[in-house]
$ cat start_30.txt   # compact mmCIF, N, CA and C atoms
# COMPACT_ATOMS: atom_id res chain seq x y z
N MET A 3 6.06 -21.22 22.05
CA MET A 3 5.57 -19.87 22.27
C MET A 3 5.85 -19.45 23.71
N ARG A 4 6.43 -18.27 23.86
CA ARG A 4 6.74 -17.79 25.21
C ARG A 4 5.48 -17.28 25.89
N SER A 5 5.45 -17.45 27.19
CA SER A 5 4.30 -16.95 27.94
C SER A 5 4.38 -15.43 28.05
N ARG A 6 3.27 -14.82 28.43
CA ARG A 6 3.25 -13.36 28.62
C ARG A 6 4.23 -12.96 29.71
N ARG A 7 4.31 -13.79 30.73
CA ARG A 7 5.21 -13.48 31.84
C ARG A 7 6.66 -13.47 31.38
N ALA A 8 7.03 -14.47 30.58
CA ALA A 8 8.40 -14.53 30.06
C ALA A 8 8.68 -13.35 29.15
N THR A 9 7.70 -12.96 28.34
CA THR A 9 7.86 -11.81 27.45
C THR A 9 8.04 -10.54 28.27
N GLY A 10 7.27 -10.40 29.34
CA GLY A 10 7.41 -9.23 30.22
C GLY A 10 8.78 -9.17 30.86
N PHE A 11 9.30 -10.32 31.27
CA PHE A 11 10.64 -10.36 31.86
C PHE A 11 11.68 -9.99 30.82
N ALA A 12 11.48 -10.41 29.57
CA ALA A 12 12.42 -10.07 28.50
C ALA A 12 12.43 -8.56 28.27
N ARG A 13 11.26 -7.92 28.31
CA ARG A 13 11.21 -6.47 28.13
C ARG A 13 11.90 -5.76 29.28
N GLN A 14 11.69 -6.24 30.49
CA GLN A 14 12.36 -5.66 31.65
C GLN A 14 13.87 -5.84 31.54
N ALA A 15 14.28 -7.01 31.07
CA ALA A 15 15.71 -7.28 30.90
C ALA A 15 16.30 -6.36 29.84
N ASN A 16 15.57 -6.15 28.74
CA ASN A 16 16.06 -5.24 27.70
C ASN A 16 16.20 -3.82 28.24
N LEU A 17 15.25 -3.40 29.04
CA LEU A 17 15.31 -2.07 29.63
C LEU A 17 16.52 -1.94 30.55
N ALA A 18 16.70 -2.91 31.43
CA ALA A 18 17.83 -2.89 32.35
C ALA A 18 19.16 -2.95 31.60
N LEU A 19 19.23 -3.81 30.60
CA LEU A 19 20.45 -3.93 29.82
C LEU A 19 20.74 -2.64 29.06
N GLY A 20 19.70 -2.03 28.50
CA GLY A 20 19.88 -0.78 27.78
C GLY A 20 20.47 0.31 28.65
N PHE A 21 19.94 0.46 29.86
CA PHE A 21 20.47 1.49 30.76
C PHE A 21 21.86 1.13 31.26
N SER A 22 22.14 -0.15 31.40
CA SER A 22 23.50 -0.57 31.76
C SER A 22 24.48 -0.21 30.66
N TRP A 23 24.10 -0.47 29.41
CA TRP A 23 24.96 -0.10 28.28
C TRP A 23 25.17 1.42 28.26
N LEU A 24 24.12 2.18 28.53
CA LEU A 24 24.27 3.64 28.56
C LEU A 24 25.28 4.08 29.60
N LYS A 25 25.19 3.50 30.80
CA LYS A 25 26.13 3.86 31.87
C LYS A 25 27.56 3.51 31.51
N LEU A 26 27.73 2.47 30.72
CA LEU A 26 29.07 2.04 30.30
C LEU A 26 29.56 2.77 29.06
N GLY A 27 28.75 3.70 28.56
CA GLY A 27 29.14 4.47 27.38
C GLY A 27 29.00 3.72 26.07
N ARG A 28 28.19 2.69 26.05
CA ARG A 28 27.99 1.89 24.85
C ARG A 28 26.60 2.21 24.28
N ALA A 29 26.48 3.41 23.75
CA ALA A 29 25.19 3.92 23.29
C ALA A 29 24.60 3.10 22.16
N ALA A 30 25.41 2.63 21.23
CA ALA A 30 24.88 1.84 20.11
C ALA A 30 24.25 0.55 20.61
N ASP A 31 24.91 -0.10 21.59
CA ASP A 31 24.34 -1.32 22.17
C ASP A 31 23.05 -1.01 22.92
N ALA A 32 23.05 0.11 23.65
CA ALA A 32 21.85 0.52 24.39
C ALA A 32 20.70 0.76 23.43
N GLU A 33 20.98 1.46 22.35
CA GLU A 33 19.95 1.77 21.36
C GLU A 33 19.33 0.48 20.80
N GLN A 34 20.18 -0.48 20.52
CA GLN A 34 19.70 -1.74 19.94
C GLN A 34 18.73 -2.48 20.87
N VAL A 35 19.06 -2.59 22.15
CA VAL A 35 18.19 -3.35 23.05
C VAL A 35 16.97 -2.54 23.48
N LEU A 36 17.11 -1.22 23.59
CA LEU A 36 15.96 -0.40 23.99
C LEU A 36 14.89 -0.38 22.90
N GLN A 37 15.29 -0.57 21.66
CA GLN A 37 14.31 -0.61 20.57
C GLN A 37 13.47 -1.88 20.60
N ARG A 38 13.88 -2.85 21.39
CA ARG A 38 13.11 -4.10 21.50
C ARG A 38 11.91 -3.97 22.44
N VAL A 39 11.90 -2.93 23.26
CA VAL A 39 10.80 -2.74 24.22
C VAL A 39 9.61 -2.19 23.45
N ARG A 40 8.43 -2.77 23.73
CA ARG A 40 7.22 -2.34 23.03
C ARG A 40 6.94 -0.86 23.26
N LEU A 41 6.33 -0.24 22.23
CA LEU A 41 6.01 1.18 22.29
C LEU A 41 4.91 1.48 23.29
N ALA A 42 4.04 0.52 23.53
CA ALA A 42 2.97 0.67 24.52
C ALA A 42 3.13 -0.46 25.52
N GLY A 43 3.43 -0.11 26.73
CA GLY A 43 3.59 -1.10 27.78
C GLY A 43 4.17 -0.44 29.01
N PRO A 44 4.30 -1.20 30.08
CA PRO A 44 4.73 -0.60 31.35
C PRO A 44 6.16 -0.04 31.33
N GLN A 45 7.01 -0.55 30.46
CA GLN A 45 8.39 -0.06 30.40
C GLN A 45 8.61 0.91 29.24
N SER A 46 7.58 1.19 28.47
CA SER A 46 7.77 1.96 27.24
C SER A 46 8.29 3.38 27.48
N ASN A 47 7.80 4.06 28.49
CA ASN A 47 8.25 5.43 28.73
C ASN A 47 9.74 5.48 29.06
N LYS A 48 10.17 4.60 29.94
CA LYS A 48 11.59 4.56 30.29
C LYS A 48 12.44 4.18 29.09
N ALA A 49 11.95 3.23 28.29
CA ALA A 49 12.69 2.80 27.12
C ALA A 49 12.82 3.93 26.10
N LEU A 50 11.74 4.67 25.88
CA LEU A 50 11.79 5.80 24.95
C LEU A 50 12.77 6.87 25.44
N LEU A 51 12.75 7.14 26.74
CA LEU A 51 13.68 8.11 27.30
C LEU A 51 15.12 7.64 27.09
N GLY A 52 15.38 6.39 27.43
CA GLY A 52 16.73 5.85 27.27
C GLY A 52 17.18 5.82 25.83
N LEU A 53 16.27 5.48 24.93
CA LEU A 53 16.59 5.46 23.51
C LEU A 53 17.02 6.85 23.04
N GLY A 54 16.29 7.85 23.48
CA GLY A 54 16.66 9.23 23.13
C GLY A 54 18.03 9.60 23.67
N TRP A 55 18.32 9.20 24.91
CA TRP A 55 19.64 9.51 25.48
C TRP A 55 20.75 8.74 24.76
N ALA A 56 20.47 7.52 24.35
CA ALA A 56 21.47 6.75 23.60
C ALA A 56 21.78 7.45 22.28
N GLN A 57 20.75 7.87 21.58
CA GLN A 57 20.95 8.56 20.30
C GLN A 57 21.64 9.90 20.51
N SER A 58 21.24 10.59 21.55
CA SER A 58 21.84 11.89 21.86
C SER A 58 23.33 11.74 22.17
N SER A 59 23.69 10.71 22.91
CA SER A 59 25.09 10.55 23.27
C SER A 59 25.97 10.21 22.07
N GLU A 60 25.33 9.79 20.99
CA GLU A 60 26.06 9.55 19.74
C GLU A 60 26.03 10.78 18.83
N GLY A 61 25.47 11.87 19.33
CA GLY A 61 25.38 13.09 18.55
C GLY A 61 24.22 13.11 17.57
N LYS A 62 23.33 12.14 17.68
CA LYS A 62 22.17 12.06 16.77
C LYS A 62 20.97 12.76 17.42
N TYR A 63 21.08 14.07 17.53
CA TYR A 63 20.05 14.83 18.25
C TYR A 63 18.71 14.84 17.53
N SER A 64 18.72 14.89 16.22
CA SER A 64 17.45 14.84 15.47
C SER A 64 16.75 13.51 15.71
N ALA A 65 17.50 12.43 15.72
CA ALA A 65 16.92 11.11 15.98
C ALA A 65 16.41 11.02 17.42
N ALA A 66 17.13 11.63 18.34
CA ALA A 66 16.73 11.60 19.76
C ALA A 66 15.40 12.31 19.98
N LEU A 67 15.12 13.28 19.15
CA LEU A 67 13.86 14.02 19.31
C LEU A 67 12.64 13.13 19.09
N ALA A 68 12.74 12.13 18.23
CA ALA A 68 11.57 11.29 17.92
C ALA A 68 11.01 10.60 19.17
N PRO A 69 11.82 9.86 19.94
CA PRO A 69 11.24 9.24 21.14
C PRO A 69 10.85 10.26 22.20
N TRP A 70 11.60 11.34 22.31
CA TRP A 70 11.28 12.34 23.32
C TRP A 70 9.99 13.08 22.99
N LEU A 71 9.78 13.38 21.72
CA LEU A 71 8.52 14.04 21.34
C LEU A 71 7.33 13.09 21.51
N GLU A 72 7.56 11.80 21.33
CA GLU A 72 6.50 10.82 21.63
C GLU A 72 6.16 10.88 23.12
N LEU A 73 7.17 10.95 23.96
CA LEU A 73 6.94 11.02 25.41
C LEU A 73 6.17 12.28 25.79
N LYS A 74 6.41 13.37 25.09
CA LYS A 74 5.73 14.63 25.39
C LYS A 74 4.21 14.48 25.30
N GLN A 75 3.74 13.51 24.54
CA GLN A 75 2.30 13.28 24.37
C GLN A 75 1.71 12.43 25.50
N ARG A 76 2.55 11.97 26.41
CA ARG A 76 2.11 11.04 27.45
C ARG A 76 1.91 11.74 28.79
N ASP A 77 1.51 10.99 29.79
CA ASP A 77 1.14 11.51 31.11
C ASP A 77 2.31 12.20 31.81
N LEU A 78 2.14 13.47 32.11
CA LEU A 78 3.18 14.27 32.74
C LEU A 78 3.56 13.77 34.14
N LEU A 79 2.70 12.98 34.76
CA LEU A 79 3.04 12.47 36.09
C LEU A 79 4.14 11.41 36.06
N ASP A 80 4.46 10.89 34.89
CA ASP A 80 5.52 9.90 34.74
C ASP A 80 6.88 10.61 34.72
N ALA A 81 7.83 10.12 35.50
CA ALA A 81 9.15 10.76 35.60
C ALA A 81 9.88 10.78 34.26
N ALA A 82 9.74 9.74 33.46
CA ALA A 82 10.40 9.72 32.15
C ALA A 82 9.84 10.81 31.24
N VAL A 83 8.56 11.06 31.34
CA VAL A 83 7.92 12.10 30.54
C VAL A 83 8.43 13.47 30.99
N GLN A 84 8.53 13.66 32.29
CA GLN A 84 9.04 14.92 32.82
C GLN A 84 10.46 15.18 32.34
N GLU A 85 11.29 14.15 32.36
CA GLU A 85 12.66 14.32 31.88
C GLU A 85 12.68 14.64 30.39
N ALA A 86 11.80 14.03 29.63
CA ALA A 86 11.73 14.31 28.19
C ALA A 86 11.35 15.77 27.94
N TYR A 87 10.53 16.35 28.81
CA TYR A 87 10.16 17.76 28.66
C TYR A 87 11.40 18.65 28.68
N LEU A 88 12.43 18.22 29.39
CA LEU A 88 13.67 18.99 29.44
C LEU A 88 14.69 18.52 28.41
N ALA A 89 14.60 17.27 28.01
CA ALA A 89 15.53 16.73 27.01
C ALA A 89 15.25 17.31 25.63
N ILE A 90 13.99 17.56 25.34
CA ILE A 90 13.62 18.10 24.03
C ILE A 90 14.30 19.44 23.76
N PRO A 91 14.18 20.42 24.66
CA PRO A 91 14.86 21.68 24.38
C PRO A 91 16.39 21.54 24.38
N PHE A 92 16.92 20.61 25.17
CA PHE A 92 18.35 20.33 25.14
C PHE A 92 18.77 19.91 23.73
N ALA A 93 18.02 18.99 23.13
CA ALA A 93 18.35 18.51 21.79
C ALA A 93 18.27 19.65 20.77
N TYR A 94 17.23 20.46 20.88
CA TYR A 94 17.12 21.60 19.96
C TYR A 94 18.28 22.57 20.13
N ALA A 95 18.72 22.78 21.36
CA ALA A 95 19.87 23.66 21.60
C ALA A 95 21.13 23.07 20.95
N GLN A 96 21.30 21.75 21.05
CA GLN A 96 22.45 21.11 20.43
C GLN A 96 22.40 21.23 18.90
N LEU A 97 21.20 21.29 18.36
CA LEU A 97 21.01 21.44 16.91
C LEU A 97 21.09 22.91 16.49
N LYS A 98 21.41 23.79 17.44
CA LYS A 98 21.51 25.24 17.19
C LYS A 98 20.18 25.85 16.77
N SER A 99 19.11 25.25 17.24
CA SER A 99 17.77 25.77 16.99
C SER A 99 17.28 26.43 18.28
N ASP A 100 17.90 27.58 18.58
CA ASP A 100 17.66 28.24 19.86
C ASP A 100 16.22 28.68 20.06
N GLY A 101 15.55 29.08 19.00
CA GLY A 101 14.16 29.49 19.12
C GLY A 101 13.27 28.35 19.57
N GLN A 102 13.45 27.19 18.95
CA GLN A 102 12.66 26.02 19.36
C GLN A 102 13.05 25.55 20.76
N ALA A 103 14.34 25.64 21.08
CA ALA A 103 14.77 25.26 22.43
C ALA A 103 14.08 26.13 23.47
N ALA A 104 14.07 27.44 23.24
CA ALA A 104 13.42 28.36 24.17
C ALA A 104 11.93 28.08 24.27
N GLN A 105 11.31 27.81 23.13
CA GLN A 105 9.87 27.50 23.11
C GLN A 105 9.58 26.27 23.96
N TYR A 106 10.37 25.22 23.82
CA TYR A 106 10.12 24.00 24.57
C TYR A 106 10.50 24.14 26.05
N TYR A 107 11.52 24.94 26.35
CA TYR A 107 11.82 25.21 27.77
C TYR A 107 10.64 25.94 28.42
N ASN A 108 10.09 26.93 27.72
CA ASN A 108 8.93 27.66 28.25
C ASN A 108 7.73 26.74 28.40
N PHE A 109 7.54 25.85 27.43
CA PHE A 109 6.44 24.88 27.52
C PHE A 109 6.62 24.00 28.75
N ALA A 110 7.85 23.54 29.00
CA ALA A 110 8.12 22.70 30.17
C ALA A 110 7.83 23.47 31.46
N ILE A 111 8.30 24.70 31.53
CA ILE A 111 8.06 25.51 32.73
C ILE A 111 6.57 25.68 32.98
N ASP A 112 5.83 26.04 31.94
CA ASP A 112 4.38 26.22 32.07
C ASP A 112 3.69 24.92 32.51
N SER A 113 4.09 23.82 31.90
CA SER A 113 3.48 22.52 32.23
C SER A 113 3.77 22.14 33.67
N PHE A 114 5.01 22.33 34.11
CA PHE A 114 5.37 21.98 35.49
C PHE A 114 4.65 22.88 36.49
N GLN A 115 4.50 24.15 36.15
CA GLN A 115 3.78 25.07 37.04
C GLN A 115 2.30 24.68 37.15
N GLN A 116 1.69 24.32 36.03
CA GLN A 116 0.29 23.89 36.05
C GLN A 116 0.13 22.62 36.88
N GLU A 117 1.05 21.69 36.71
CA GLU A 117 0.97 20.43 37.47
C GLU A 117 1.18 20.70 38.96
N SER A 118 2.09 21.59 39.28
CA SER A 118 2.33 21.95 40.67
C SER A 118 1.07 22.57 41.28
N ALA A 119 0.38 23.42 40.54
CA ALA A 119 -0.86 24.04 41.03
C ALA A 119 -1.93 22.98 41.26
N ARG A 120 -2.02 21.99 40.35
CA ARG A 120 -3.00 20.90 40.54
C ARG A 120 -2.68 20.08 41.79
N ILE A 121 -1.41 19.85 42.03
CA ILE A 121 -1.00 19.10 43.23
C ILE A 121 -1.36 19.90 44.47
N ASP A 122 -1.08 21.20 44.44
CA ASP A 122 -1.43 22.06 45.59
C ASP A 122 -2.93 22.04 45.85
N GLN A 123 -3.73 22.09 44.79
CA GLN A 123 -5.19 22.04 44.94
C GLN A 123 -5.63 20.70 45.53
N SER A 124 -4.99 19.64 45.13
CA SER A 124 -5.32 18.32 45.66
C SER A 124 -4.99 18.23 47.14
N ILE A 125 -3.86 18.78 47.53
CA ILE A 125 -3.47 18.78 48.94
C ILE A 125 -4.48 19.55 49.77
N ILE A 126 -4.89 20.70 49.27
CA ILE A 126 -5.90 21.51 49.98
C ILE A 126 -7.20 20.74 50.11
N ALA A 127 -7.62 20.07 49.04
CA ALA A 127 -8.87 19.30 49.07
C ALA A 127 -8.79 18.15 50.07
N VAL A 128 -7.66 17.47 50.12
CA VAL A 128 -7.50 16.35 51.07
C VAL A 128 -7.52 16.87 52.49
N ARG A 129 -6.81 17.96 52.75
CA ARG A 129 -6.79 18.53 54.10
C ARG A 129 -8.18 19.01 54.50
N SER A 130 -8.90 19.58 53.57
CA SER A 130 -10.25 20.06 53.84
C SER A 130 -11.17 18.88 54.18
N ALA A 131 -11.03 17.80 53.45
CA ALA A 131 -11.86 16.61 53.71
C ALA A 131 -11.53 16.02 55.07
N ARG A 132 -10.28 16.03 55.43
CA ARG A 132 -9.88 15.51 56.76
C ARG A 132 -10.47 16.35 57.87
N SER A 133 -10.42 17.67 57.70
CA SER A 133 -10.95 18.55 58.76
C SER A 133 -12.45 18.42 58.86
N LEU A 134 -13.14 18.15 57.75
CA LEU A 134 -14.59 17.93 57.79
C LEU A 134 -14.94 16.65 58.53
N ARG A 135 -14.12 15.61 58.37
CA ARG A 135 -14.39 14.35 59.06
C ARG A 135 -14.17 14.45 60.56
N ARG A 136 -13.32 15.36 60.98
CA ARG A 136 -13.04 15.52 62.41
C ARG A 136 -14.20 16.21 63.14
N CYS A 137 -14.99 16.94 62.39
CA CYS A 137 -16.10 17.69 63.02
C CYS A 137 -17.22 16.80 63.45
$ encode --input "start_30.txt" --output "structure tokens"
Amino acid sequence: MRSRRATGFARQANLALGFSWLKLGRAADAEQVLQRVRLAGPQSNKALLGLGWAQSSEGKYSAALAPWLELKQRDLLDAAVQEAYLAIPFAYAQLKSDGQAAQYYNFAIDSFQQESARIDQSIIAVRSARSLRRC
């Protein structure tokens, strides 16, 4: 039985190998190894994003939507999730579903604007707390 540490290294290796295959234009190989990464875990978001790009590069846009739509349900602060917000409308555009593409582009814009406002509010709160401590 492999230890948890060895299993974690295997998942990291699958993730790295998957993205290497993608860079080399070997999408089918990338898809195969990226599917080995657990759906819930520290590498899952990146693996789902890569899996979608592997499928997309093979022209399987409907299949690519499955991992990307899963990412849409996750924490927007994760870079892979943010990229999926833009990959989803891209896939719909490739499928000639312009209405859904526009809907998801607008959703991405709204989500990014809301997150930007939250970040701005946090910055103001931190600066305010600092100025209070100086008094």
$ closest_atom_pairs --input "start_30.txt" --of "segment 43-137 of chain A" --to "segment 14-33 of chain A" --cutoff "8 Å" --atoms "only N, CA and C atoms" --output "Markdown table"
| residue | atom | partner | partner_atom | distance |
| --- | --- | --- | --- | --- |
| A:Gln45 | CA | A:Gln14 | CA | 7.0 |
| A:Lys48 | C | A:Leu17 | CA | 6.9 |
| A:Ala49 | CA | A:Leu17 | CA | 6.1 |
| A:Gly52 | C | A:Ala32 | C | 6.6 |
| A:Leu53 | CA | A:Glu33 | CA | 5.4 |
| A:Gly54 | N | A:Glu33 | CA | 7.4 |
| A:Trp55 | C | A:Ala29 | CA | 6.7 |
| A:Ala56 | CA | A:Ala29 | CA | 4.7 |
| A:Gln57 | N | A:Glu33 | CA | 6.2 |
| A:Ser58 | N | A:Ala29 | CA | 7.9 |
| A:Ser59 | C | A:Ala29 | CA | 6.5 |
| A:Glu60 | N | A:Ala29 | CA | 6.3 |
$ residues_around --input "start_30.txt" --residues "segment 78-88 of chain A" --least-positions-apart "3" --cutoff "6 Å" --atoms "all atoms listed in the file" --output "ChimeraX atom specification"
/A:47-48,70,73-74,91-92,110
$ atom_distance --input "start_30.txt" --atom1 "atom C of Tyr94 of chain A" --atom2 "atom N of Ser64 of chain A"
8.6 Å
$ closest_atom_pairs --input "start_30.txt" --of "segment 87-117 of chain A" --to "segment 121-128 of chain A" --cutoff "8 Å" --atoms "only N, CA and C atoms" --output "JSON lines"
{"residue": "A:Gln115", "atom": "C", "partner": "A:Ile121", "partner_atom": "N", "distance": 7.8}
{"residue": "A:Gln116", "atom": "C", "partner": "A:Ile121", "partner_atom": "N", "distance": 6.0}
{"residue": "A:Glu117", "atom": "C", "partner": "A:Ile121", "partner_atom": "N", "distance": 4.1}
$ atom_distance --input "start_30.txt" --atom1 "atom CA of Gly61 of chain A" --atom2 "atom N of Lys98 of chain A"
11.5 Å
$ atom_distance --input "start_30.txt" --atom1 "atom CA of Ala66 of chain A" --atom2 "atom CA of Arg40 of chain A"
17.2 Å
$ decode --input "start_30.txt" --residues "segment 114-129 of chain A" --atoms "N, CA and C atoms" --output "JSON list (two decimals), in the first residue's frame"
[["chain", "number", "residue", "atom", "x", "y", "z"],
["A", 114, "PHE", "N", -16.01, 39.08, -11.75],
["A", 114, "PHE", "CA", -14.70, 39.71, -11.55],
["A", 114, "PHE", "C", -14.84, 41.11, -10.96],
["A", 115, "GLN", "N", -15.86, 41.84, -11.39],
["A", 115, "GLN", "CA", -16.10, 43.18, -10.84],
["A", 115, "GLN", "C", -16.48, 43.11, -9.36],
["A", 116, "GLN", "N", -17.32, 42.15, -9.00],
["A", 116, "GLN", "CA", -17.70, 41.98, -7.60],
["A", 116, "GLN", "C", -16.49, 41.61, -6.75],
["A", 117, "GLU", "N", -15.65, 40.72, -7.27],
["A", 117, "GLU", "CA", -14.46, 40.32, -6.52],
["A", 117, "GLU", "C", -13.48, 41.49, -6.38],
["A", 118, "SER", "N", -13.36, 42.27, -7.43],
["A", 118, "SER", "CA", -12.50, 43.45, -7.39],
["A", 118, "SER", "C", -13.00, 44.44, -6.33],
["A", 119, "ALA", "N", -14.31, 44.62, -6.24],
["A", 119, "ALA", "CA", -14.88, 45.52, -5.23],
["A", 119, "ALA", "C", -14.61, 45.00, -3.83],
["A", 120, "ARG", "N", -14.72, 43.67, -3.64],
["A", 120, "ARG", "CA", -14.41, 43.09, -2.32],
["A", 120, "ARG", "C", -12.94, 43.29, -1.95],
["A", 121, "ILE", "N", -12.07, 43.16, -2.92],
["A", 121, "ILE", "CA", -10.64, 43.37, -2.66],
["A", 121, "ILE", "C", -10.40, 44.83, -2.30],
["A", 122, "ASP", "N", -11.03, 45.74, -3.03],
["A", 122, "ASP", "CA", -10.89, 47.17, -2.72],
["A", 122, "ASP", "C", -11.37, 47.48, -1.31],
["A", 123, "GLN", "N", -12.50, 46.88, -0.91],
["A", 123, "GLN", "CA", -13.02, 47.08, 0.44],
["A", 123, "GLN", "C", -12.06, 46.53, 1.49],
["A", 124, "SER", "N", -11.45, 45.42, 1.20],
["A", 124, "SER", "CA", -10.49, 44.83, 2.13],
["A", 124, "SER", "C", -9.27, 45.73, 2.29],
["A", 125, "ILE", "N", -8.80, 46.29, 1.20],
["A", 125, "ILE", "CA", -7.65, 47.19, 1.24],
["A", 125, "ILE", "C", -7.98, 48.41, 2.09],
["A", 126, "ILE", "N", -9.16, 48.97, 1.89],
["A", 126, "ILE", "CA", -9.59, 50.13, 2.68],
["A", 126, "ILE", "C", -9.65, 49.77, 4.16],
["A", 127, "ALA", "N", -10.19, 48.60, 4.47],
["A", 127, "ALA", "CA", -10.31, 48.17, 5.87],
["A", 127, "ALA", "C", -8.94, 47.99, 6.51],
["A", 128, "VAL", "N", -8.00, 47.41, 5.77],
["A", 128, "VAL", "CA", -6.65, 47.21, 6.31],
["A", 128, "VAL", "C", -5.97, 48.55, 6.54],
["A", 129, "ARG", "N", -6.08, 49.45, 5.58],
["A", 129, "ARG", "CA", -5.47, 50.78, 5.73],
["A", 129, "ARG", "C", -6.10, 51.53, 6.90]]
